[in-house]
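First the structure, in the form of structure tokens, and then the observations on it.
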Amino acid sequence: MTRRLLPALCCLCLLAGCANFVEVEVVRVDRPALDVPAQSEVYAADGSLIATLRFANRELVDREDLPDVLLDAVVAGEDRRFYEHDGVDLRAVARALVANQRAGEVVQGGSTITQQLVKNRYFPDADRSVERKVEEARLARDIEQHATKDEILTDYLNTVYFGAGAYGVQAAARTYFGIDVGALDLVQATLLAGLLRAPESASPLAHPEQALAERARVLDAMAEEAMIDPSAAEAAKTAPLAVQPPPPPPVTRYPYFVEYVKRALLADPTLGADEPSRVRRLFGGGLRIHTTIDPAVQAAAERSATVLGDPGDPEVGIAVVRPSDGALVALVGGRDFAAAHFDVASQAKRQPGSTMKTFALVTALREGRRLDDRIDSGSVVLNRGQGLEPWSVRSSTSGFISLNDALVKSSNGAYARLAMALGGQRISDQARLMGVNKDLGDHPAVALGGVREGVNALDLASGYATIANAGVHRPTMAVTGVTDAEGAPVWAPTADPIVAMDAEAAWMTTQALRGVVEEGTGQAARLDRPAAGKTGTSQNYADAWFVGFTPDLAAAVWVGYPDAERSLLGVQGVNRVSGGTWPAEIWRRLMTEAHIGKPILDFAYPSGLTYTVQVDPTTGGLATAFCPLRVPVTGLRGELPRNPCPVHTAPPPPKPETTTVIPTQSEATPAPALSPASAPPEPPSG
């Protein structure tokens, strides 16, 4: 018997009256139901309040206000034997126990509606111990002895959370449909009943596909229980969701960022064992949530995004990360949260274009290649091997150029050949190590932006921040800590830094990216201080990017249409919007304002990783044993000469004798042998 199975069986035995099988002291509780949950507050990095999370949207209703179709839907979806059990359904507990044991994880729950009511009203902290479960079961049976089924069901529907800030079924009906609960029809009632298990992850506003699936589940359950005809269930499944968007929270200052914080906390089991528990804790636990957002940088990001705001203009997504600690200091998910809740900066999945060439360069440098390595940059058809289609690549450059120049000029031909040599999977792995947590695929085209699963601005900002931080990746952090109302710690970040590349590779990549800004495709992003970055444009000009960094901040800007991959043609007079146009200009505006008052810093040179070699000053090659002149040169391994002096490869010929005086035998002395100068130490490989 496994350890996971034992507590559940013990609880089951207790509920069945077999308390002798396990010694658990359970005290019958006599406590009042909880009052309205305490609101939680969200703070910016400067301590200012930016949002209030609360169950404020609630209005109690009576049994006569509830339509029968709603009660049927809730019973069928949550507790089919509600009218038969006495508060605890042993049959359901046993069924869930077997299913969970077979799956190796929790896939079913055995709680009744009465037990859920007890949990909502008395135990918001979601303690999953055996003692707590037994206590909940005893309370549920006690409630069943003193209240009718209708009273229990009404109380449950007045307390349960339906998502979108709607606490109770009356608020849910008004929030999603703009009607009172008594006017709900079959389609609407089954949607609300389907939300009870996952009010956020099955939200019809943010996750319509999951909402449709949950509604279908309830409709099938009603048909199986003969509450409706199967034909009615099938007809209702095809009906649209027809929900209305709720009004934005009145106190929220940065709604896209606050939603990002909410999603992160609701996914963390520290706040509760399941999503409903975490929702109760987040919106009713009186938490104090301290975040990383910098109001000054956020304001700069929002203002820079407004340069595109005319009717028909594409959207702008911006993410700004502090490289030193991974703090998300600004997030622009769109121009109008009330009009579109979808966050294009952290939720979108789009093709990244040539911004991926940077990750290919990092991979190459980690293998020992150098910025001055030359590679063919012209258009090419590459043979990928037997059974695989050839890869045809068009390039705007031709001839052999260095890897550095290939990045500055964004040469497709050069980086396609490099990707073939490296392998697409290795480039994807390197990008993931640096913070791009998406399935990028293994095709060599990943180096040019042809990825399996798209990326977003936050992914790329995090990846490029790793370069700015000397190759150490700091996982993106939006919350620095959560406490209760009294200041006791509740949650703290635990992610550890990751060494994604050595400091030398990061330095050389930075130098190449500086070239992109200073003389390459990203010149529109030039600042009055050191900056590095890369442009990116996807196929058919559907996505335009600029991603870059200074020593202080890393930022990614995306421009495109969220609803579809539509070409960016004629935006405010620009014929074709590429990464070097609007995205670079927006990035420049953002970073210029965000750095006001900051000292001008250069990128730190990794002095601890330098090497010294002897060089022939006349040829620039590594000094041989026969070079007459040698000078020490110190620098990064990848920047030092690696080829020997091509001239001094052998000892010089002996000089002819010119002396006419022949000494006597006694005066003659042996001539000194020619000996080469001491050879310098061998330079490091690579």
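In the structure tokens, chains take the letters A, B, ... in the order shown, each chain's residues start at 1, and ligands count up from 1 in the order shown.
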
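When DSSP is run on the backbone, the residues of region 465-511 of chain A that fall into strand (DSSP E or B) are Val472, His473, Met477, Val479, Thr480, Gly481, Val482, Thr483, Pro489, Val490, Trp491, Ile498 and Val499 of chain A.
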
Leaving out region 604-606 of chain A and any residue of its chain fewer than 3 positions from it, which residues lie within 8 Å of it when counting only C-alpha atoms, given as an mmCIF file with N, CA and C atoms, in the first residue's frame?
data_model
loop_
_atom_site.group_PDB
_atom_site.id
_atom_site.type_symbol
_atom_site.label_atom_id
_atom_site.label_comp_id
_atom_site.auth_asym_id
_atom_site.auth_seq_id
_atom_site.Cartn_x
_atom_site.Cartn_y
_atom_site.Cartn_z
ATOM 1 N N ALA A 503 31.154 34.195 -19.473
ATOM 2 C CA ALA A 503 31.177 35.647 -19.608
ATOM 3 C C ALA A 503 31.852 36.091 -20.893
ATOM 4 N N GLU A 504 32.796 35.293 -21.376
ATOM 5 C CA GLU A 504 33.483 35.645 -22.622
ATOM 6 C C GLU A 504 32.533 35.594 -23.804
ATOM 7 N N TRP A 507 30.247 38.532 -23.619
ATOM 8 C CA TRP A 507 30.919 39.780 -24.011
ATOM 9 C C TRP A 507 31.014 39.896 -25.537
ATOM 10 N N LEU A 609 38.817 36.924 -17.236
ATOM 11 C CA LEU A 609 38.905 35.833 -18.208
ATOM 12 C C LEU A 609 39.875 36.143 -19.342
ATOM 13 N N THR A 610 40.797 37.092 -19.147
ATOM 14 C CA THR A 610 41.711 37.460 -20.215
ATOM 15 C C THR A 610 42.916 36.523 -20.266
#

**Item:** Neighbour list for Gly481 (chain A) as a list in words, cut-off 9 Å, only C-alpha atoms, skip fewer than 5 positions in-chain
**Value:** Arg288, Ile289, His290, Thr291, Pro489, Val490, Trp491, Ala492 and Pro493 of chain A

Selection file, N, CA and C atoms, as a tab-separated table (two decimals), in the first residue's frame:
chain	number	residue	atom	x	y	z
A	288	ARG	N	-0.73	40.85	1.12
A	288	ARG	CA	-0.02	42.03	0.67
A	288	ARG	C	1.03	41.55	-0.33
A	289	ILE	N	0.83	41.89	-1.59
A	289	ILE	CA	1.64	41.36	-2.68
A	289	ILE	C	2.58	42.46	-3.17
A	290	HIS	N	3.86	42.24	-3.02
A	290	HIS	CA	4.87	43.23	-3.39
A	290	HIS	C	5.51	42.82	-4.72
A	291	THR	N	5.46	43.72	-5.70
A	291	THR	CA	5.87	43.37	-7.05
A	291	THR	C	7.10	44.16	-7.49
A	489	PRO	N	5.44	36.36	6.49
A	489	PRO	CA	5.67	35.89	5.12
A	489	PRO	C	4.75	34.73	4.74
A	490	VAL	N	4.26	34.79	3.50
A	490	VAL	CA	3.39	33.76	2.95
A	490	VAL	C	4.04	33.09	1.74
A	491	TRP	N	4.72	33.89	0.93
A	491	TRP	CA	5.31	33.38	-0.32
A	491	TRP	C	6.55	34.19	-0.63
A	492	ALA	N	7.57	33.54	-1.20
A	492	ALA	CA	8.78	34.22	-1.63
A	492	ALA	C	9.32	33.51	-2.86
A	493	PRO	N	9.97	34.23	-3.78
A	493	PRO	CA	10.52	33.58	-4.97
A	493	PRO	C	11.64	32.62	-4.60

**Message:** List the spatial neighbours of region 64-67 of chain A as a PyMOL selection string - criterion: any atom at most 8 Å away, only C-alpha atoms, same-chain residues fewer than 2 positions off excluded.
**Reply:** chain A and resi 61-62+69-71+154+181-184

**DSSP helix (DSSP H, G or I) selection over region 139-375 of chain A, as JSON, numbers by chain** = {"A": [139, 140, 141, 142, 143, 144, 145, 146, 149, 150, 151, 152, 153, 154, 155, 156, 157, 158, 159, 169, 170, 171, 172, 173, 174, 175, 176, 177, 181, 182, 183, 186, 187, 188, 189, 190, 191, 192, 193, 194, 195, 208, 209, 210, 211, 212, 213, 214, 215, 216, 217, 218, 219, 220, 221, 222, 223, 224, 230, 231, 232, 233, 234, 235, 236, 237, 255, 256, 257, 258, 259, 260, 261, 262, 263, 264, 265, 266, 269, 270, 271, 275, 276, 277, 278, 279, 280, 281, 282, 283, 284, 295, 296, 297, 298, 299, 300, 301, 302, 303, 304, 305, 353, 354, 355, 356, 357, 358, 359, 360, 361, 362, 363, 364, 365, 366]}

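Shortest separation to Arg81 (chain A) among A:Leu568, A:Glu225, A:Ala198, A:Gly309 occurs at residue A:Glu225, atoms counted being only C-alpha atoms.
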
Which residues are close to Thr363 (chain A), i.e. within 7 Å by only C-alpha atoms, leaving aside same-chain residues fewer than 3 positions away? Reply as an mmCIF file with N, CA and C atoms, in the first residue's frame.
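Here's the written file around-v3.cif:
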data_model
loop_
_atom_site.group_PDB
_atom_site.id
_atom_site.type_symbol
_atom_site.label_atom_id
_atom_site.label_comp_id
_atom_site.auth_asym_id
_atom_site.auth_seq_id
_atom_site.Cartn_x
_atom_site.Cartn_y
_atom_site.Cartn_z
ATOM 1 N N PHE A 359 20.854 33.827 -30.637
ATOM 2 C CA PHE A 359 21.014 32.565 -29.914
ATOM 3 C C PHE A 359 21.890 31.590 -30.700
ATOM 4 N N ALA A 360 21.825 31.663 -32.043
ATOM 5 C CA ALA A 360 22.718 30.838 -32.856
ATOM 6 C C ALA A 360 24.167 31.285 -32.673
ATOM 7 N N ARG A 366 30.078 29.413 -27.891
ATOM 8 C CA ARG A 366 30.306 28.444 -26.822
ATOM 9 C C ARG A 366 31.045 27.209 -27.335
ATOM 10 N N GLU A 367 30.971 26.969 -28.645
ATOM 11 C CA GLU A 367 31.680 25.832 -29.238
ATOM 12 C C GLU A 367 33.119 26.178 -29.613
ATOM 13 N N ILE A 427 20.606 25.006 -30.890
ATOM 14 C CA ILE A 427 20.256 26.428 -30.800
ATOM 15 C C ILE A 427 19.017 26.600 -29.933
ATOM 16 N N GLN A 430 19.942 26.192 -26.324
ATOM 17 C CA GLN A 430 20.645 27.357 -25.804
ATOM 18 C C GLN A 430 19.667 28.493 -25.502
#
